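One file, query.tsv, is given below (TSV, C-alpha atoms and all ligand atoms).
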```
chain	number	residue	atom	x	y	z
A	1	MET	CA	83.48	103.06	116.45
A	2	SER	CA	85.05	101.19	113.53
A	3	ILE	CA	85.96	103.07	110.35
A	4	GLN	CA	83.15	101.32	108.48
A	5	GLU	CA	80.62	102.54	111.04
A	6	LYS	CA	82.08	106.01	110.79
A	7	ALA	CA	81.96	105.91	106.98
A	8	ILE	CA	78.26	104.96	107.10
A	9	GLN	CA	77.56	107.73	109.59
A	10	GLU	CA	79.38	110.28	107.43
A	11	PHE	CA	77.44	109.03	104.43
A	12	ARG	CA	74.13	109.64	106.18
A	13	GLU	CA	75.20	113.12	107.18
A	14	PHE	CA	76.64	114.14	103.85
A	15	PHE	CA	74.48	112.41	101.24
A	16	GLY	CA	71.39	111.64	103.32
A	17	GLY	CA	69.80	108.18	103.41
A	18	GLU	CA	71.67	104.88	103.47
A	19	PRO	CA	74.58	103.60	101.38
A	20	ASP	CA	73.85	100.53	99.20
A	21	GLU	CA	77.24	98.90	99.65
A	22	LEU	CA	80.31	98.96	101.81
A	23	VAL	CA	83.68	97.97	100.38
A	24	ARG	CA	87.12	97.66	101.93
A	25	ALA	CA	90.69	97.26	100.69
A	26	PRO	CA	93.64	96.84	103.06
A	27	GLY	CA	97.09	98.37	103.28
A	28	ARG	CA	100.02	95.98	103.54
A	29	VAL	CA	103.25	95.25	105.26
A	30	ASN	CA	105.96	93.39	103.43
A	31	LEU	CA	107.66	90.72	105.57
A	32	ILE	CA	110.51	90.17	103.12
A	33	GLY	CA	111.30	90.57	99.41
A	34	GLU	CA	112.07	94.27	99.04
A	35	HIS	CA	112.81	95.99	95.75
A	36	THR	CA	112.39	92.65	94.03
A	37	ASP	CA	108.95	93.14	92.47
A	38	TYR	CA	110.08	95.33	89.57
A	39	ASN	CA	112.86	92.82	88.97
A	40	GLY	CA	110.28	90.11	88.33
A	41	GLY	CA	111.22	88.44	91.62
A	42	PHE	CA	109.53	87.28	94.81
A	43	VAL	CA	107.83	89.13	97.66
A	44	LEU	CA	106.13	87.99	100.87
A	45	PRO	CA	103.72	90.68	102.05
A	46	MET	CA	100.54	90.43	104.11
A	47	ALA	CA	97.37	92.54	104.05
A	48	ILE	CA	96.95	94.38	107.37
A	49	ASN	CA	94.07	95.36	109.61
A	50	ARG	CA	94.25	98.96	108.39
A	51	SER	CA	92.36	99.79	105.28
A	52	MET	CA	90.39	102.12	103.05
A	53	VAL	CA	86.62	101.79	103.37
A	54	MET	CA	84.00	103.24	101.02
A	55	ALA	CA	80.28	103.51	101.77
A	56	ILE	CA	78.65	103.88	98.37
A	57	ARG	CA	75.28	104.31	96.66
A	58	TYR	CA	74.28	103.66	93.07
A	59	ARG	CA	73.36	106.65	90.93
A	60	GLY	CA	71.34	106.41	87.78
A	61	ASP	CA	73.86	108.43	85.77
A	62	GLN	CA	77.54	108.57	84.86
A	63	LYS	CA	78.70	110.77	87.73
A	64	VAL	CA	81.09	109.75	90.50
A	65	LYS	CA	80.78	111.93	93.59
A	66	LEU	CA	83.05	111.42	96.56
A	67	MET	CA	83.55	112.78	100.01
A	68	SER	CA	86.84	112.06	101.73
A	69	ALA	CA	86.16	111.97	105.45
A	70	ASP	CA	89.92	112.07	106.08
A	71	PHE	CA	90.55	115.24	104.09
A	72	HIS	CA	87.09	116.77	104.63
A	73	GLN	CA	86.98	117.39	100.90
A	74	THR	CA	84.63	116.51	98.09
A	75	ALA	CA	85.37	115.75	94.45
A	76	SER	CA	83.41	114.56	91.45
A	77	PHE	CA	83.87	113.61	87.84
A	78	ASP	CA	81.85	112.37	84.90
A	79	LEU	CA	82.62	108.89	83.58
A	80	ASP	CA	81.83	110.01	80.03
A	81	ASP	CA	84.43	112.71	79.96
A	82	PHE	CA	87.26	113.17	82.43
A	83	SER	CA	90.93	114.02	82.34
A	84	TYR	CA	93.85	114.41	84.72
A	85	GLN	CA	93.66	117.76	86.54
A	86	LYS	CA	96.30	118.15	89.26
A	87	PRO	CA	97.83	116.10	92.09
A	88	HIS	CA	94.82	115.22	94.26
A	89	TRP	CA	93.40	112.06	95.86
A	90	VAL	CA	90.57	111.89	93.32
A	91	GLU	CA	93.08	111.23	90.55
A	92	TYR	CA	93.68	107.73	91.99
A	93	ILE	CA	90.00	106.98	91.51
A	94	LYS	CA	89.89	108.56	88.05
A	95	GLY	CA	92.98	106.56	87.12
A	96	VAL	CA	91.23	103.34	88.17
A	97	ALA	CA	88.12	104.35	86.19
A	98	HIS	CA	90.27	105.12	83.17
A	99	ASN	CA	91.97	101.73	83.21
A	100	LEU	CA	88.69	99.88	83.79
A	101	LYS	CA	87.23	101.70	80.79
A	102	GLN	CA	90.21	100.67	78.72
A	103	ARG	CA	89.17	97.08	79.43
A	104	ASN	CA	85.75	97.92	77.98
A	105	LEU	CA	84.04	97.34	81.29
A	106	PRO	CA	80.70	99.15	81.38
A	107	LEU	CA	81.01	101.62	84.26
A	108	LYS	CA	78.14	103.14	86.19
A	109	GLY	CA	78.11	106.22	88.41
A	110	TRP	CA	78.02	106.19	92.21
A	111	GLU	CA	78.42	108.44	95.20
A	112	GLY	CA	80.18	107.65	98.41
A	113	VAL	CA	82.18	108.47	101.48
A	114	MET	CA	85.74	107.20	101.77
A	115	MET	CA	87.60	106.79	104.99
A	116	GLY	CA	90.92	105.13	105.76
A	117	ASP	CA	93.21	104.30	108.64
A	118	VAL	CA	96.36	103.37	106.71
A	119	PRO	CA	98.83	106.11	107.65
A	120	ARG	CA	99.77	107.97	104.48
A	121	GLY	CA	103.35	108.13	103.23
A	122	SER	CA	104.54	105.61	105.80
A	123	GLY	CA	105.20	102.74	103.41
A	124	LEU	CA	102.03	100.76	104.23
A	125	SER	CA	100.45	101.31	100.81
A	126	SER	CA	97.58	103.64	101.49
A	127	SER	CA	97.48	104.36	97.76
A	128	ALA	CA	97.09	100.70	96.77
A	129	ALA	CA	94.28	100.45	99.36
A	130	LEU	CA	92.59	103.45	97.76
A	131	GLU	CA	92.97	102.05	94.24
A	132	LEU	CA	91.63	98.61	95.13
A	133	ALA	CA	88.74	100.04	97.16
A	134	ALA	CA	87.82	102.18	94.15
A	135	ALA	CA	88.05	99.18	91.80
A	136	LYS	CA	85.85	97.16	94.17
A	137	ALA	CA	83.33	100.02	94.33
A	138	PHE	CA	83.14	100.13	90.52
A	139	SER	CA	82.78	96.37	90.31
A	140	GLU	CA	79.89	96.33	92.82
A	141	VAL	CA	78.04	99.22	91.21
A	142	SER	CA	78.66	98.24	87.59
A	143	ASN	CA	78.25	94.55	88.30
A	144	PHE	CA	81.28	93.20	86.51
A	145	PRO	CA	83.02	90.08	87.88
A	146	TRP	CA	85.82	90.63	90.39
A	147	ASP	CA	89.15	89.28	89.17
A	148	PRO	CA	91.64	90.16	91.95
A	149	VAL	CA	94.77	89.80	89.82
A	150	ASP	CA	93.41	91.88	86.97
A	151	MET	CA	92.12	94.50	89.42
A	152	ALA	CA	95.59	94.70	91.01
A	153	VAL	CA	96.99	95.39	87.55
A	154	VAL	CA	94.33	98.08	87.04
A	155	GLY	CA	95.45	99.68	90.29
A	156	GLN	CA	99.11	99.57	89.32
A	157	GLU	CA	98.34	101.00	85.88
A	158	ALA	CA	96.39	103.83	87.52
A	159	GLU	CA	99.41	104.63	89.64
A	160	ASN	CA	101.94	104.28	86.80
A	161	ASN	CA	100.05	105.93	83.95
A	162	TRP	CA	97.61	108.30	85.59
A	163	VAL	CA	99.11	109.41	88.89
A	164	GLY	CA	102.66	109.07	87.55
A	165	VAL	CA	104.32	106.94	90.24
A	166	ASN	CA	106.51	104.17	88.88
A	167	CYS	CA	105.69	101.45	91.44
A	168	GLY	CA	105.87	97.67	91.02
A	169	ILE	CA	102.95	95.23	91.42
A	170	MET	CA	103.42	94.04	95.03
A	171	ASP	CA	101.20	96.54	96.87
A	172	GLN	CA	98.17	96.19	94.62
A	173	MET	CA	98.47	92.39	94.46
A	174	ILE	CA	98.44	91.94	98.21
A	175	SER	CA	95.66	94.50	98.71
A	176	ALA	CA	93.62	92.49	96.19
A	177	CYS	CA	94.62	88.93	97.13
A	178	GLY	CA	95.39	88.91	100.87
A	179	GLN	CA	94.03	86.14	103.06
A	180	GLU	CA	93.32	86.19	106.79
A	181	GLY	CA	96.14	84.72	108.90
A	182	HIS	CA	98.42	84.35	105.88
A	183	ALA	CA	101.24	86.11	104.10
A	184	TYR	CA	101.37	85.85	100.31
A	185	LEU	CA	104.37	84.53	98.42
A	186	LEU	CA	104.04	86.22	95.07
A	187	ASP	CA	105.98	85.59	91.90
A	188	CYS	CA	105.97	89.12	90.49
A	189	ARG	CA	106.56	87.96	86.94
A	190	SER	CA	103.88	85.30	86.53
A	191	LEU	CA	101.63	86.92	89.18
A	192	GLU	CA	101.09	83.48	90.65
A	193	GLY	CA	100.90	83.43	94.40
A	194	LYS	CA	100.70	81.10	97.35
A	195	HIS	CA	99.12	81.85	100.71
A	196	VAL	CA	101.48	80.91	103.54
A	197	PRO	CA	100.18	80.69	107.12
A	198	LEU	CA	101.89	82.91	109.67
A	199	PRO	CA	103.75	80.92	112.32
A	200	GLU	CA	102.04	80.31	115.67
A	201	GLY	CA	103.09	82.21	118.75
A	202	VAL	CA	104.49	85.31	117.04
A	203	LYS	CA	103.12	88.70	116.10
A	204	VAL	CA	103.98	91.01	113.26
A	205	VAL	CA	104.70	94.45	114.69
A	206	ILE	CA	104.93	97.55	112.52
A	207	LEU	CA	107.11	100.38	113.79
A	208	ASP	CA	106.53	103.74	112.18
A	209	THR	CA	109.67	105.84	112.59
A	210	GLY	CA	107.69	109.02	111.94
A	211	THR	CA	110.23	109.97	109.27
A	212	ARG	CA	108.86	110.39	105.78
A	213	ARG	CA	110.64	109.74	102.54
A	214	GLY	CA	111.52	112.87	100.65
A	215	LEU	CA	112.57	112.78	97.00
A	216	VAL	CA	111.70	109.11	96.97
A	217	ASP	CA	110.60	108.97	93.36
A	218	SER	CA	113.97	109.92	91.98
A	219	ALA	CA	115.87	107.52	94.25
A	220	TYR	CA	113.37	104.71	93.52
A	221	ASN	CA	113.64	105.27	89.77
A	222	GLU	CA	117.42	105.41	90.04
A	223	ARG	CA	117.44	102.01	91.79
A	224	ARG	CA	115.23	100.57	89.08
A	225	GLN	CA	117.58	101.84	86.43
A	226	GLN	CA	120.62	100.38	88.19
A	227	CYS	CA	118.86	97.01	88.32
A	228	GLU	CA	118.12	97.23	84.61
A	229	GLU	CA	121.78	97.96	83.92
A	230	ALA	CA	122.82	94.92	85.93
A	231	ALA	CA	120.28	92.72	84.12
A	232	ALA	CA	121.56	93.96	80.75
A	233	PHE	CA	125.10	93.00	81.80
A	234	PHE	CA	123.93	89.44	82.39
A	235	GLY	CA	122.00	89.45	79.11
A	236	VAL	CA	118.56	89.05	80.70
A	237	GLU	CA	115.57	91.32	80.92
A	238	LEU	CA	114.99	90.92	84.65
A	239	LEU	CA	117.46	90.30	87.49
A	240	ARG	CA	115.17	87.52	88.64
A	241	ASP	CA	116.73	85.41	85.92
A	242	VAL	CA	120.27	85.65	87.23
A	243	GLU	CA	121.14	82.65	89.37
A	244	PRO	CA	123.28	83.41	92.44
A	245	GLU	CA	126.10	81.17	91.09
A	246	THR	CA	126.21	83.09	87.80
A	247	PHE	CA	126.15	86.36	89.67
A	248	PHE	CA	129.01	85.52	92.01
A	249	ALA	CA	131.08	84.06	89.16
A	250	LYS	CA	130.84	87.24	87.08
A	251	ALA	CA	130.22	89.97	89.65
A	252	ASP	CA	133.80	91.27	89.60
A	253	ALA	CA	133.31	92.66	86.12
A	254	LEU	CA	130.53	94.97	87.36
A	255	SER	CA	131.09	98.43	88.77
A	256	GLU	CA	130.96	98.43	92.56
A	257	LEU	CA	127.63	100.23	92.68
A	258	THR	CA	125.87	98.00	90.15
A	259	ARG	CA	127.33	94.93	91.86
A	260	LYS	CA	125.90	95.97	95.22
A	261	ARG	CA	122.47	96.71	93.81
A	262	ALA	CA	122.31	93.41	91.95
A	263	ARG	CA	123.65	91.46	94.94
A	264	HIS	CA	120.80	92.76	97.06
A	265	VAL	CA	118.12	91.77	94.56
A	266	ILE	CA	119.55	88.34	93.79
A	267	THR	CA	120.15	87.37	97.42
A	268	GLU	CA	116.80	88.87	98.47
A	269	ASP	CA	114.95	86.58	96.06
A	270	GLN	CA	116.68	83.59	97.67
A	271	ARG	CA	115.87	84.82	101.17
A	272	THR	CA	112.23	85.38	100.24
A	273	LEU	CA	111.79	81.88	98.84
A	274	GLU	CA	113.40	80.41	101.91
A	275	ALA	CA	111.31	82.64	104.19
A	276	ALA	CA	108.10	81.25	102.69
A	277	GLU	CA	109.36	77.71	103.18
A	278	VAL	CA	110.42	78.12	106.79
A	279	MET	CA	107.23	80.02	107.55
A	280	ALA	CA	105.11	77.20	106.21
A	281	ALA	CA	107.11	74.84	108.44
A	282	GLY	CA	106.42	77.07	111.46
A	283	ASN	CA	110.08	78.03	111.86
A	284	ALA	CA	109.71	81.61	113.10
A	285	GLU	CA	113.32	81.79	114.33
A	286	ARG	CA	114.74	81.25	110.86
A	287	LEU	CA	112.22	83.69	109.38
A	288	GLY	CA	113.50	86.31	111.83
A	289	ILE	CA	117.12	85.71	110.81
A	290	LEU	CA	116.21	86.12	107.14
A	291	MET	CA	114.43	89.39	107.95
A	292	ASN	CA	117.57	90.65	109.67
A	293	GLU	CA	119.68	89.72	106.66
A	294	SER	CA	117.23	91.47	104.39
A	295	HIS	CA	117.57	94.70	106.33
A	296	ASP	CA	121.34	94.58	106.33
A	297	SER	CA	121.35	94.06	102.59
A	298	LEU	CA	118.91	96.95	102.02
A	299	ARG	CA	121.05	99.16	104.25
A	300	ASP	CA	124.49	98.25	102.90
A	301	ASP	CA	123.97	97.08	99.31
A	302	PHE	CA	120.76	98.67	98.09
A	303	GLU	CA	121.22	101.77	100.30
A	304	VAL	CA	117.56	102.62	100.79
A	305	SER	CA	117.42	102.70	104.59
A	306	ASN	CA	117.86	105.83	106.72
A	307	ASP	CA	119.23	106.53	110.22
A	308	ALA	CA	115.82	106.39	111.85
A	309	LEU	CA	115.01	103.01	110.29
A	310	ASN	CA	118.42	101.64	111.24
A	311	GLU	CA	117.98	102.85	114.78
A	312	ILE	CA	114.50	101.42	115.28
A	313	VAL	CA	115.61	98.12	113.72
A	314	MET	CA	118.63	97.85	116.03
A	315	LEU	CA	116.56	98.77	119.10
A	316	SER	CA	114.01	96.14	118.11
A	317	ARG	CA	116.61	93.44	117.67
A	318	SER	CA	118.03	94.09	121.12
A	319	GLU	CA	114.67	93.43	122.81
A	320	PRO	CA	113.98	89.97	124.23
A	321	GLY	CA	111.42	88.07	122.18
A	322	CYS	CA	112.25	89.87	118.93
A	323	LEU	CA	113.13	87.25	116.31
A	324	GLY	CA	113.99	89.70	113.55
A	325	ALA	CA	113.46	93.24	112.30
A	326	ARG	CA	113.89	95.11	109.05
A	327	MET	CA	112.81	98.21	107.18
A	328	THR	CA	109.78	97.59	104.99
A	329	GLY	CA	108.49	99.20	101.79
A	330	ALA	CA	110.43	101.48	99.48
A	331	GLY	CA	112.62	102.86	102.29
A	332	PHE	CA	114.20	106.26	102.98
A	333	GLY	CA	111.75	106.64	105.89
A	334	GLY	CA	108.45	105.20	107.00
A	335	CYS	CA	108.11	101.86	108.74
A	336	ALA	CA	110.07	98.90	109.97
A	337	VAL	CA	108.57	95.47	110.65
A	338	ALA	CA	109.49	93.13	113.48
A	339	LEU	CA	108.63	89.54	114.27
A	340	VAL	CA	108.03	89.27	118.01
A	341	ARG	CA	107.02	86.40	120.28
A	342	SER	CA	103.40	86.98	121.34
A	343	GLU	CA	104.18	87.00	125.05
A	344	SER	CA	106.88	89.67	124.58
A	345	VAL	CA	104.88	92.06	122.43
A	346	GLU	CA	103.71	94.34	125.19
A	347	ALA	CA	107.14	94.89	126.73
A	348	PHE	CA	108.68	95.09	123.24
A	349	THR	CA	106.46	97.93	122.02
A	350	LYS	CA	106.81	99.83	125.29
A	351	ASN	CA	110.59	99.56	125.41
A	352	VAL	CA	111.27	100.31	121.75
A	353	MET	CA	109.09	103.41	121.82
A	354	ALA	CA	110.68	104.60	125.06
A	355	LYS	CA	114.20	104.20	123.70
A	356	TYR	CA	113.56	105.53	120.21
A	357	GLN	CA	114.15	109.24	120.20
A	358	ARG	CA	114.40	111.33	117.13
A	359	GLU	CA	113.18	114.55	115.57
A	360	THR	CA	110.43	113.31	113.29
A	361	VAL	CA	107.88	114.73	110.87
A	362	SER	CA	105.04	112.84	112.48
A	363	GLU	CA	104.68	110.89	115.72
A	364	PRO	CA	106.44	107.53	115.84
A	365	ALA	CA	103.89	104.75	116.32
A	366	VAL	CA	103.57	101.01	116.81
A	367	TYR	CA	100.90	98.81	115.26
A	368	VAL	CA	100.59	95.21	116.30
A	369	THR	CA	98.96	93.86	113.20
A	370	GLU	CA	96.99	90.85	111.92
A	371	ALA	CA	96.89	89.43	108.40
A	372	THR	CA	93.53	90.21	106.83
A	373	GLN	CA	91.56	89.49	103.69
A	374	GLY	CA	92.14	91.43	100.47
A	375	ALA	CA	89.64	93.81	98.84
A	376	CYS	CA	86.09	92.75	99.62
A	377	ARG	CA	82.52	93.79	100.13
A	378	LEU	CA	81.54	94.16	103.78
A	379	GLU	CA	78.22	93.42	105.42
A	380	LYS	CA	76.70	96.68	106.61
A	401	LIG	C1	107.13	100.47	96.96
A	401	LIG	C2	106.53	100.06	95.63
A	401	LIG	C3	106.52	98.54	95.49
A	401	LIG	C4	107.89	97.94	95.79
A	401	LIG	C5	108.44	98.48	97.10
A	401	LIG	C6	109.85	98.04	97.38
A	401	LIG	O1	106.29	100.07	98.01
A	401	LIG	O2	105.23	100.56	95.51
A	401	LIG	O3	106.06	98.18	94.21
A	401	LIG	O4	108.77	98.16	94.73
A	401	LIG	O5	108.43	99.91	97.12
A	401	LIG	O6	109.88	96.67	97.62
```
Turn this file's structure into structure tokens for me.
Ligand code: GLA
Amino acid sequence: MSIQEKAIQEFREFFGGEPDELVRAPGRVNLIGEHTDYNGGFVLPMAINRSMVMAIRYRGDQKVKLMSADFHQTASFDLDDFSYQKPHWVEYIKGVAHNLKQRNLPLKGWEGVMMGDVPRGSGLSSSAALELAAAKAFSEVSNFPWDPVDMAVVGQEAENNWVGVNCGIMDQMISACGQEGHAYLLDCRSLEGKHVPLPEGVKVVILDTGTRRGLVDSAYNERRQQCEEAAAFFGVELLRDVEPETFFAKADALSELTRKRARHVITEDQRTLEAAEVMAAGNAERLGILMNESHDSLRDDFEVSNDALNEIVMLSRSEPGCLGARMTGAGFGGCAVALVRSESVEAFTKNVMAKYQRETVSEPAVYVTEATQGACRLEK
């Protein structure tokens, strides 16, 4: 049974009767362009076939009532009067409601069941999927027009201002704007994007190391700060505006640490732009090489990888048919992504999992994924 069918079934059992609408927002995997979004740079993620689904029904009042089928928990709040309570999944939905209200959008109450299959904390953006699904639910019920870019910003604001996580815009943008069969080259400053078709004959394989990032917020914020310091040195607001030639001409005057951080971001932007180009030209081999270079730069210069990620990446690269592999997402644990020739995928997943051995918080896993559409309404 698909998660949408399960969500409908849970709705019937919990609320009784039928839901009016079904909405979905996907998680994502980033192919390349890591830790560039908050530097105003470029990213190349795709929306995946794992998502958050909500089966919802209109209410005639201002209440939002939710049942999380994943947590077996319920929560509710009143749109007329709500505030942040404590760390809890409902705060993501309240945060979205809060930011929609700030845009003077007339919100109406609803009740629904939510259910997701994006593994949490693994770097596949389960929270962006939740935020965009909630925004889509509000837009269906309250009947305001769906503007994917603005809704991505609403999701990011919810996470930044309400939940208190200082993320960039990539995850919400791809969950809102993804297109089937395509990755999305996004300029994180202008928020302009271009859908780029995935090359023929290869699959995108996600490898979950089963390790989870601890203390990630502080390390993530520290990296952001180091990037800001580097930008200030070059007299610009965002590292995106430092050309590689300028960087290499002046880099010696930077402290070693700041130089490494900036070198990652500046070279990663170049790799990401090239990756989109070679992808559009169907050159999967070159895309794989760029992914490898991205990982090495994240490991050595940006220092956000961990032993488990390095191991799974190296194991992946040594398998026949693997064109490239890298860590993906914020780092310090979670998932890697590999580009694998379609005919080698079966042997690849079997061999990597058999060779990868580590004490992990949760089970290592492999997901052979497809690029899917961004947040949308589903037919019931
Ligand atoms: C997390 C953040 C994103 C981005 C990545 C690193 O996923 O939510 O905004 O910064 O890390 O590329």
Output the neighbourhood of ligand LIG 401 (chain A) as an mmCIF file with C-alpha atoms, in the frame of the given file, that is, all protein and nucleic acid residues with some atom at most 7 Å from the ligand, counting all atoms listed in the file.
```cif
data_model
loop_
_atom_site.group_PDB
_atom_site.id
_atom_site.type_symbol
_atom_site.label_atom_id
_atom_site.label_comp_id
_atom_site.auth_asym_id
_atom_site.auth_seq_id
_atom_site.Cartn_x
_atom_site.Cartn_y
_atom_site.Cartn_z
ATOM 1 C CA GLY A 33 111.300 90.570 99.410
ATOM 2 C CA GLU A 34 112.070 94.270 99.040
ATOM 3 C CA HIS A 35 112.810 95.990 95.750
ATOM 4 C CA THR A 36 112.390 92.650 94.030
ATOM 5 C CA ASP A 37 108.950 93.140 92.470
ATOM 6 C CA TYR A 38 110.080 95.330 89.570
ATOM 7 C CA GLY A 123 105.200 102.740 103.410
ATOM 8 C CA SER A 125 100.450 101.310 100.810
ATOM 9 C CA CYS A 167 105.690 101.450 91.440
ATOM 10 C CA GLY A 168 105.870 97.670 91.020
ATOM 11 C CA ILE A 169 102.950 95.230 91.420
ATOM 12 C CA MET A 170 103.420 94.040 95.030
ATOM 13 C CA ASP A 171 101.200 96.540 96.870
ATOM 14 C CA GLY A 329 108.490 99.200 101.790
ATOM 15 C CA ALA A 330 110.430 101.480 99.480
#
```
> Contacts of region 353-367 of chain A at 8 Å or less, counting only C-alpha atoms, minus same-chain residues fewer than 3 places along, as a PyMOL selection string?
Replying inline: chain A and resi 205-212+308+311-312+315+349-350
> Suppose you want the space between CA of Thr372 (chain A) and CA of Gly164 (chain A); what is it in Å?
Replying inline: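 Between CA of Thr372 (chain A) and CA of Gly164 (chain A) the gap is 28.5 Å.
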Polymer residues at most 12 Å from region 249-259 of chain A, only C-alpha atoms, same-chain spacing of 4 or more positions, as a PDB file with C-alpha atoms, in the frame of the given file:
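Written file, selection-v1.pdb:
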```pdb
ATOM      1  CA  GLU A 222     117.420 105.410  90.040  1.00  0.00           C
ATOM      2  CA  ARG A 223     117.440 102.010  91.790  1.00  0.00           C
ATOM      3  CA  ARG A 224     115.230 100.570  89.080  1.00  0.00           C
ATOM      4  CA  GLN A 225     117.580 101.840  86.430  1.00  0.00           C
ATOM      5  CA  GLN A 226     120.620 100.380  88.190  1.00  0.00           C
ATOM      6  CA  CYS A 227     118.860  97.010  88.320  1.00  0.00           C
ATOM      7  CA  GLU A 228     118.120  97.230  84.610  1.00  0.00           C
ATOM      8  CA  GLU A 229     121.780  97.960  83.920  1.00  0.00           C
ATOM      9  CA  ALA A 230     122.820  94.920  85.930  1.00  0.00           C
ATOM     10  CA  ALA A 231     120.280  92.720  84.120  1.00  0.00           C
ATOM     11  CA  ALA A 232     121.560  93.960  80.750  1.00  0.00           C
ATOM     12  CA  PHE A 233     125.100  93.000  81.800  1.00  0.00           C
ATOM     13  CA  PHE A 234     123.930  89.440  82.390  1.00  0.00           C
ATOM     14  CA  LEU A 239     117.460  90.300  87.490  1.00  0.00           C
ATOM     15  CA  VAL A 242     120.270  85.650  87.230  1.00  0.00           C
ATOM     16  CA  GLU A 243     121.140  82.650  89.370  1.00  0.00           C
ATOM     17  CA  PRO A 244     123.280  83.410  92.440  1.00  0.00           C
ATOM     18  CA  GLU A 245     126.100  81.170  91.090  1.00  0.00           C
ATOM     19  CA  ARG A 263     123.650  91.460  94.940  1.00  0.00           C
ATOM     20  CA  HIS A 264     120.800  92.760  97.060  1.00  0.00           C
ATOM     21  CA  VAL A 265     118.120  91.770  94.560  1.00  0.00           C
ATOM     22  CA  ILE A 266     119.550  88.340  93.790  1.00  0.00           C
ATOM     23  CA  THR A 267     120.150  87.370  97.420  1.00  0.00           C
ATOM     24  CA  ASP A 300     124.490  98.250 102.900  1.00  0.00           C
ATOM     25  CA  ASP A 301     123.970  97.080  99.310  1.00  0.00           C
ATOM     26  CA  PHE A 302     120.760  98.670  98.090  1.00  0.00           C
ATOM     27  CA  GLU A 303     121.220 101.770 100.300  1.00  0.00           C
TER      28      GLU A 303
END
```
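For the pair CA of Leu198 (chain A) and CA of Phe332 (chain A), the interatomic distance is 27.2 Å.
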